[in-house]
Each structure stands twice: as structure tokens, then as C-alpha cells.
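*Asks:* I'm passing along upload.cif; it holds mmCIF, C-alpha atoms.
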data_model
#
loop_
_atom_site.label_atom_id
_atom_site.label_comp_id
_atom_site.auth_asym_id
_atom_site.auth_seq_id
_atom_site.Cartn_x
_atom_site.Cartn_y
_atom_site.Cartn_z
CA MET I 546 0.00 0.00 0.00
CA SER I 547 2.99 2.29 0.54
CA ASN I 548 3.94 1.85 -3.14
CA VAL I 549 0.57 3.25 -4.20
CA PHE I 550 1.20 6.49 -2.33
CA LEU I 551 4.74 6.66 -3.75
CA TYR I 552 3.57 6.37 -7.37
CA THR I 553 0.70 8.80 -6.73
CA GLY I 554 3.22 11.34 -5.45
CA LEU I 555 5.45 10.80 -8.47
CA TYR I 556 2.54 11.40 -10.86
CA LEU I 557 1.62 14.51 -8.89
CA CYS I 558 5.21 15.77 -9.33
CA LEU I 559 4.82 15.24 -13.11
CA LEU I 560 1.66 17.38 -13.09
CA MET I 561 3.51 20.06 -11.12
CA ILE I 562 6.21 20.15 -13.81
CA ALA I 563 3.45 20.60 -16.42
CA SER I 564 2.06 23.55 -14.45
CA LEU I 565 5.59 24.96 -14.12
CA TYR I 566 5.60 25.50 -17.90
CA ARG I 567 2.80 28.03 -17.49
CA ALA I 568 4.59 29.62 -14.53
CA ILE I 569 7.79 30.17 -16.57
CA PHE I 570 6.61 30.94 -20.13
CA GLY I 571 3.24 32.57 -19.36
CA PRO I 572 2.50 35.56 -21.60
CA THR I 573 1.43 37.87 -18.77
CA VAL I 574 2.27 38.18 -15.10
CA LEU I 575 -1.15 36.89 -14.06
CA ASP I 576 -0.66 33.70 -16.09
CA ARG I 577 2.45 33.02 -14.02
CA LEU I 578 0.34 33.61 -10.92
CA ILE I 579 -2.14 30.93 -12.09
CA GLY I 580 0.72 28.43 -12.49
CA VAL I 581 2.09 29.19 -9.02
CA ASN I 582 -1.38 28.79 -7.49
CA ALA I 583 -1.88 25.40 -9.19
CA ILE I 584 1.53 24.18 -7.97
CA GLY I 585 0.75 25.32 -4.42
CA SER I 586 -2.58 23.49 -4.25
CA LYS I 587 -0.85 20.28 -5.43
CA THR I 588 1.93 20.70 -2.84
CA VAL I 589 -0.57 20.43 0.04
CA ILE I 590 -1.62 16.97 -1.20
CA LEU I 591 2.02 15.98 -1.76
CA LEU I 592 2.91 16.86 1.85
CA LEU I 593 0.11 14.60 3.13
CA LEU I 594 1.32 11.74 0.91
CA ILE I 595 4.90 12.18 2.21
CA GLY I 596 3.48 11.98 5.74
CA LEU I 597 1.74 8.68 4.88
CA ILE I 598 4.94 7.22 3.38
CA TYR I 599 7.01 8.13 6.45
CA GLY I 600 4.24 7.07 8.86
CA ARG I 601 4.12 10.46 10.61
CA VAL I 602 0.84 11.95 9.38
CA ASP I 603 0.21 13.82 12.64
CA MET I 604 3.33 15.91 12.12
CA PHE I 605 2.89 16.58 8.39
CA VAL I 606 -0.75 17.71 8.74
CA ASP I 607 0.33 20.87 10.55
CA ILE I 608 2.89 21.66 7.85
CA ALA I 609 0.27 21.14 5.11
CA LEU I 610 -2.25 23.36 6.93
CA ALA I 611 0.31 26.15 7.35
CA TYR I 612 1.34 25.80 3.68
CA ALA I 613 -2.28 26.13 2.48
CA LEU I 614 -2.74 29.38 4.41
CA LEU I 615 0.66 30.72 3.27
CA ASN I 616 -0.08 29.94 -0.40
CA PHE I 617 -3.43 31.74 -0.21
CA THR I 618 -1.84 34.79 1.42
CA ALA I 619 0.94 34.98 -1.19
CA VAL I 620 -1.48 34.74 -4.16
CA LEU I 621 -3.85 37.31 -2.65
CA ALA I 622 -1.06 39.82 -1.93
CA ALA I 623 0.48 39.41 -5.40
CA SER I 624 -2.87 39.88 -7.17
CA ARG I 625 -3.66 42.98 -5.07
CA TYR I 626 -0.25 44.37 -6.05
CA PHE I 627 -0.55 43.70 -9.79
CA GLN I 628 -4.01 45.25 -10.18
CA LYS I 629 -2.44 48.67 -9.60
CA LYS I 630 -0.09 48.12 -12.55
CA LYS I 631 -1.14 49.40 -15.94
CA GLY I 632 0.25 47.99 -19.17
CA LEU I 633 -0.32 44.27 -18.61
CA TYR I 634 -2.23 44.14 -21.89
CA GLU I 635 0.66 45.49 -23.93
CA GLU I 636 2.93 42.77 -22.58
CA SER I 637 0.59 39.98 -23.68
CA SER I 638 0.44 40.89 -27.39
CA MET U 866 -12.13 -3.27 1.22
CA LEU U 867 -10.82 -0.01 2.64
CA ASP U 868 -7.79 -0.15 0.34
CA ILE U 869 -10.00 -0.43 -2.75
CA ILE U 870 -12.00 2.68 -1.75
CA VAL U 871 -8.77 4.58 -1.01
CA ILE U 872 -7.21 3.64 -4.37
CA PHE U 873 -10.42 4.57 -6.22
CA LEU U 874 -10.51 7.99 -4.54
CA LEU U 875 -6.80 8.60 -5.28
CA ILE U 876 -7.16 7.71 -8.98
CA SER U 877 -10.29 9.84 -9.45
CA GLY U 878 -8.53 12.77 -7.80
CA LEU U 879 -5.56 12.32 -10.12
CA ILE U 880 -7.91 12.33 -13.14
CA PHE U 881 -9.32 15.70 -12.05
CA PHE U 882 -5.80 17.09 -11.46
CA THR U 883 -4.77 15.91 -14.94
CA GLY U 884 -7.75 17.73 -16.45
CA GLY U 885 -6.75 20.89 -14.61
CA ALA U 886 -3.12 20.72 -15.78
CA VAL U 887 -4.11 20.06 -19.42
CA GLY U 888 -6.57 22.95 -19.28
CA ILE U 889 -3.95 25.31 -17.87
CA LEU U 890 -1.53 24.34 -20.65
CA ARG U 891 -3.88 24.26 -23.65
CA LEU U 892 -6.53 26.97 -23.30
CA PRO U 893 -5.96 30.18 -25.27
CA ASP U 894 -6.61 32.99 -22.82
CA PHE U 895 -5.99 34.19 -19.28
CA TYR U 896 -9.68 34.10 -18.31
CA THR U 897 -10.30 30.67 -19.82
CA ARG U 898 -7.20 29.28 -18.10
CA LEU U 899 -8.61 30.30 -14.73
CA HIS U 900 -11.67 28.08 -15.30
CA PRO U 901 -9.85 24.71 -14.95
CA ALA U 902 -7.40 26.15 -12.41
CA GLY U 903 -10.20 27.26 -10.11
CA LYS U 904 -12.51 24.26 -10.21
CA MET U 905 -10.49 21.13 -11.01
CA ASP U 906 -7.96 21.81 -8.24
CA THR U 907 -10.72 22.20 -5.65
CA LEU U 908 -12.49 18.93 -6.47
CA GLY U 909 -9.23 17.00 -6.88
CA SER U 910 -8.03 18.26 -3.50
CA LEU U 911 -11.31 17.15 -1.90
CA LEU U 912 -11.05 13.59 -3.30
CA MET U 913 -7.37 13.03 -2.50
CA VAL U 914 -7.53 14.52 1.01
CA LEU U 915 -10.60 12.34 1.68
CA ALA U 916 -8.56 9.29 0.62
CA VAL U 917 -5.72 10.22 3.01
CA ALA U 918 -8.15 10.83 5.91
CA LEU U 919 -9.88 7.49 5.24
CA PHE U 920 -6.62 5.54 5.11
CA ASN U 921 -5.48 7.17 8.35
CA LEU U 922 -8.44 5.58 10.18
CA HIS U 923 -7.67 1.93 9.33
CA ASP U 924 -6.50 1.16 12.88
CA PHE U 925 -8.86 3.17 15.02
CA THR U 926 -7.57 5.16 17.99
CA TRP U 927 -8.63 8.58 19.28
CA ASN U 928 -5.38 10.21 18.19
CA GLN U 929 -5.96 8.99 14.62
CA LEU U 930 -9.50 10.41 14.78
CA ILE U 931 -8.17 13.84 15.82
CA THR U 932 -5.61 13.70 12.99
CA SER U 933 -8.33 12.83 10.47
CA LEU U 934 -10.43 15.75 11.67
CA LYS U 935 -7.42 18.04 11.15
CA ILE U 936 -7.01 16.64 7.63
CA MET U 937 -10.66 17.44 6.90
CA LEU U 938 -9.98 20.98 8.17
CA ILE U 939 -7.62 21.38 5.17
CA VAL U 940 -10.58 20.60 2.87
CA LEU U 941 -12.62 23.30 4.62
CA PHE U 942 -9.84 25.85 4.12
CA VAL U 943 -9.35 24.88 0.45
CA PHE U 944 -13.09 25.21 -0.23
CA VAL U 945 -13.13 28.74 1.19
CA LEU U 946 -9.72 29.99 0.04
CA SER U 947 -9.35 28.63 -3.52
CA PRO U 948 -12.41 30.41 -5.04
CA THR U 949 -11.39 33.57 -3.17
CA ALA U 950 -7.89 33.49 -4.69
CA THR U 951 -9.33 32.81 -8.17
CA HIS U 952 -11.72 35.74 -7.84
CA ALA U 953 -8.85 37.99 -6.71
CA ILE U 954 -6.78 37.05 -9.80
CA VAL U 955 -9.75 37.71 -12.13
CA ASP U 956 -10.33 41.06 -10.43
CA ALA U 957 -6.68 42.01 -10.93
CA GLY U 958 -6.94 41.10 -14.63
CA VAL U 959 -10.11 43.15 -15.16
CA ARG U 960 -8.76 46.22 -13.39
CA ALA U 961 -5.42 46.02 -15.24
CA GLY U 962 -7.33 46.08 -18.54
CA LEU U 963 -6.76 42.62 -20.05
CA LYS U 964 -9.12 42.04 -22.98
CA PRO U 965 -10.94 38.69 -23.24
CA TRP U 966 -10.04 36.35 -26.10
CA THR U 967 -12.22 36.40 -29.22
CA LYS U 968 -12.09 34.05 -32.18
CA GLU U 969 -11.44 36.55 -34.96
CA LYS U 970 -8.14 38.36 -34.57
CA LYS U 971 -8.57 42.12 -34.78
#
Show me this structure written as C-alpha cells.

*Replies:*
Amino acid sequence: MSNVFLYTGLYLCLLMIASLYRAIFGPTVLDRLIGVNAIGSKTVILLLLIGLIYGRVDMFVDIALAYALLNFTAVLAASRYFQKKKGLYEESS
Amino acid sequence: MLDIIVIFLLISGLIFFTGGAVGILRLPDFYTRLHPAGKMDTLGSLLMVLAVALFNLHDFTWNQLITSLKIMLIVLFVFVLSPTATHAIVDAGVRAGLKPWTKEKK
């Protein structure tokens, strides 16, 4: 049963690499923000799976909970900052 | 029996995450890319966290029950915070003046 969680985590890492393409080559700044948000929501699941593999779920739950709140705060602060910026449309074309 | 339910929940969550990643890569516009990123990640997170919380209960003690309740608290946070973050990104795009994608190029 531990192999199932290992392969699930590996496949999740593959999906995170696919989302990293949008975070690097995105046409606008907000596209990069979408990629970072998708990677962060997959990282919470990956932390729980690492906790199941090591057999210490009670410790990794707190880290995952703190990471979910930190990811939300980072995305919210970045989007509030970039809405003041003009000229995002010129960068995309 | 419990293992079969856990594996089924994990695989269905991975299918939803795959749909979200393909949508983020393939869709043409900023606003259309937010549609899979906002919804697929929420439902995939619900299914996979439910699988972890269910597998944690297979030998039942009170400490495991408290841990499973904390895992379900993550689902509660994701259900509140992920649509809020998506709405904040859309709001930033609208106020910065990004035009939506149309089929004919002007």
C-alpha cells in the first residue's frame, strides 16, 4: 500500500512540472500567478502523501495546513499588487 | 475493502488534477485558463484529502481520529480559500485592462 502512495506522489510531481511551464513561459504576469497557485494546491496533497509514506501523518498535517494558508496569502497579496499596474495588456500581445 | 476505496478515490482525484493541468496548458486565454485552475484543483483536492483521511483511520484510535479531523480541516480551508484566490486574480486582470479572447483576430 505504501507503493501506491509513492507512485501517486510521483505522478503529482509530473503534473507540477506541467504547471511549471505556465509559470515560466506565461505571456502575462497573471498567467504566471495561475501556475504558481496550481503548484501550491498540489503541494498540500504531496505533503500529506509524504506523511503517509514516512508514517508520521500527525506531524505533516500541521505543515500542510500552514502551507495552504501561506499559499493563499501569497497569491492574494500578489494579485492585489498587480491590479495597480497598468500595461499588462501590452505585454501579452 | 478499505484499500479499494482509497485507491479509487486517489485515482479519481488524479484524473481531475490531470484535467486541470491540461486545461492550464492548452486553453488560449488568461480568463479561460482560470476556469480549470479554479474548479479542477478544488475537487481534486477534496477527493485526495478524503482518501488520506480514510486511510489514516484503518486502525482506530482517538489520536488517529483527531488527525483525520485536522485533515478534513484542510478541505474546509481549500473550499473557502481557492475560489477567493481565483476571484482575486480575475479582479486584478479586469482592473489592469486585459481584454478577453475572441475568435477573430482584430

*Asks:* Could you tell me which residues the PyMOL selection byres ((chain I) within 9 of (chain U)) grabs in this file, written as a ChimeraX atom specification?

*Replies:* /I:546,549-550,553,556-557,560-561,563-564,566-567,572-573,575-576,578-580,582-583,586-587,589-590,593-594,597,602-603,606-607,609-610,613-614,617-618,620-621,623-635,637

*Asks:* State, in Å with one decimal place, the distance from atom CA of U:Ala916 to atom CA of U:Gly878.

*Replies:* 9.1 Å

*Asks:* Using 4 Å of padding on each side, determine the axis-aligned box around all atoms of stretch 911-929 of chain U present in the file and give its centre and edge lengths in Å to one decimal, as lines of an AutoDock Vina configuration file.

*Replies:*
center_x = -8.3
center_y = 9.2
center_z = 8.0
size_x = 13.9
size_y = 24.0
size_z = 30.6

*Asks:* Between atom CA of I:Asn616 and atom CA of I:Gly554, what is the distance, to one decimal in Å?

*Replies:*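 We find that atom CA of I:Asn616 and atom CA of I:Gly554 lie 19.6 Å from each other.
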
*Asks:* For atom CA of U:Trp927 and atom CA of I:Arg601, determine how far apart the two atoms are, in Å to one decimal place.

*Replies:*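 These atoms are spaced 15.5 Å apart.
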
*Asks:* Would you mind completing stretch 908-919 of chain U to all heavy atoms and writing the output as a tab-separated table (two decimals), in the frame of the given file?

*Replies:*
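Once written, result-v6.tsv looks like this:
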chain	number	residue	atom	x	y	z
U	908	LEU	N	-11.88	20.26	-6.57
U	908	LEU	CA	-12.49	18.93	-6.47
U	908	LEU	C	-11.43	17.84	-6.33
U	908	LEU	O	-11.61	16.88	-5.57
U	908	LEU	CB	-13.36	18.67	-7.69
U	908	LEU	CG	-14.20	17.40	-7.63
U	908	LEU	CD1	-15.02	17.38	-6.38
U	908	LEU	CD2	-15.09	17.29	-8.83
U	909	GLY	N	-10.29	17.99	-7.03
U	909	GLY	CA	-9.23	17.00	-6.88
U	909	GLY	C	-8.65	16.99	-5.48
U	909	GLY	O	-8.36	15.93	-4.92
U	910	SER	N	-8.51	18.18	-4.88
U	910	SER	CA	-8.03	18.26	-3.50
U	910	SER	C	-9.00	17.59	-2.54
U	910	SER	O	-8.57	16.88	-1.62
U	910	SER	CB	-7.84	19.72	-3.09
U	910	SER	OG	-6.85	20.32	-3.85
U	911	LEU	N	-10.31	17.78	-2.76
U	911	LEU	CA	-11.31	17.15	-1.90
U	911	LEU	C	-11.18	15.64	-1.95
U	911	LEU	O	-11.13	14.97	-0.91
U	911	LEU	CB	-12.71	17.57	-2.32
U	911	LEU	CG	-13.83	16.76	-1.66
U	911	LEU	CD1	-13.90	17.07	-0.19
U	911	LEU	CD2	-15.16	17.04	-2.29
U	912	LEU	N	-11.08	15.05	-3.17
U	912	LEU	CA	-11.05	13.59	-3.30
U	912	LEU	C	-9.79	13.00	-2.69
U	912	LEU	O	-9.84	12.00	-1.95
U	912	LEU	CB	-11.19	13.20	-4.77
U	912	LEU	CG	-12.56	13.46	-5.37
U	912	LEU	CD1	-12.53	13.24	-6.86
U	912	LEU	CD2	-13.58	12.57	-4.74
U	913	MET	N	-8.62	13.63	-2.98
U	913	MET	CA	-7.37	13.03	-2.50
U	913	MET	C	-7.19	13.20	-1.00
U	913	MET	O	-6.69	12.30	-0.32
U	913	MET	CB	-6.20	13.63	-3.26
U	913	MET	CG	-6.27	13.25	-4.72
U	913	MET	SD	-4.82	13.65	-5.62
U	913	MET	CE	-3.70	12.44	-4.99
U	914	VAL	N	-7.62	14.34	-0.44
U	914	VAL	CA	-7.53	14.52	1.01
U	914	VAL	C	-8.49	13.57	1.72
U	914	VAL	O	-8.18	13.04	2.79
U	914	VAL	CB	-7.78	16.00	1.35
U	914	VAL	CG1	-8.00	16.21	2.82
U	914	VAL	CG2	-6.62	16.84	0.91
U	915	LEU	N	-9.66	13.31	1.11
U	915	LEU	CA	-10.60	12.34	1.68
U	915	LEU	C	-10.00	10.95	1.70
U	915	LEU	O	-10.19	10.19	2.67
U	915	LEU	CB	-11.88	12.36	0.85
U	915	LEU	CG	-13.15	11.83	1.49
U	915	LEU	CD1	-13.50	12.69	2.67
U	915	LEU	CD2	-14.27	11.84	0.49
U	916	ALA	N	-9.23	10.59	0.65
U	916	ALA	CA	-8.56	9.29	0.62
U	916	ALA	C	-7.53	9.18	1.73
U	916	ALA	O	-7.44	8.15	2.41
U	916	ALA	CB	-7.90	9.07	-0.75
U	917	VAL	N	-6.74	10.25	1.95
U	917	VAL	CA	-5.72	10.22	3.01
U	917	VAL	C	-6.38	10.11	4.39
U	917	VAL	O	-5.94	9.33	5.24
U	917	VAL	CB	-4.82	11.46	2.91
U	917	VAL	CG1	-3.89	11.55	4.09
U	917	VAL	CG2	-4.02	11.44	1.64
U	918	ALA	N	-7.48	10.87	4.61
U	918	ALA	CA	-8.15	10.83	5.91
U	918	ALA	C	-8.79	9.48	6.16
U	918	ALA	O	-8.85	9.01	7.30
U	918	ALA	CB	-9.21	11.93	5.97
U	919	LEU	N	-9.26	8.81	5.09
U	919	LEU	CA	-9.88	7.49	5.24
U	919	LEU	C	-8.84	6.42	5.53
U	919	LEU	O	-9.06	5.53	6.35
U	919	LEU	CB	-10.65	7.15	3.97
U	919	LEU	CG	-11.88	6.28	4.11
U	919	LEU	CD1	-12.87	6.97	5.01
U	919	LEU	CD2	-12.50	6.08	2.75
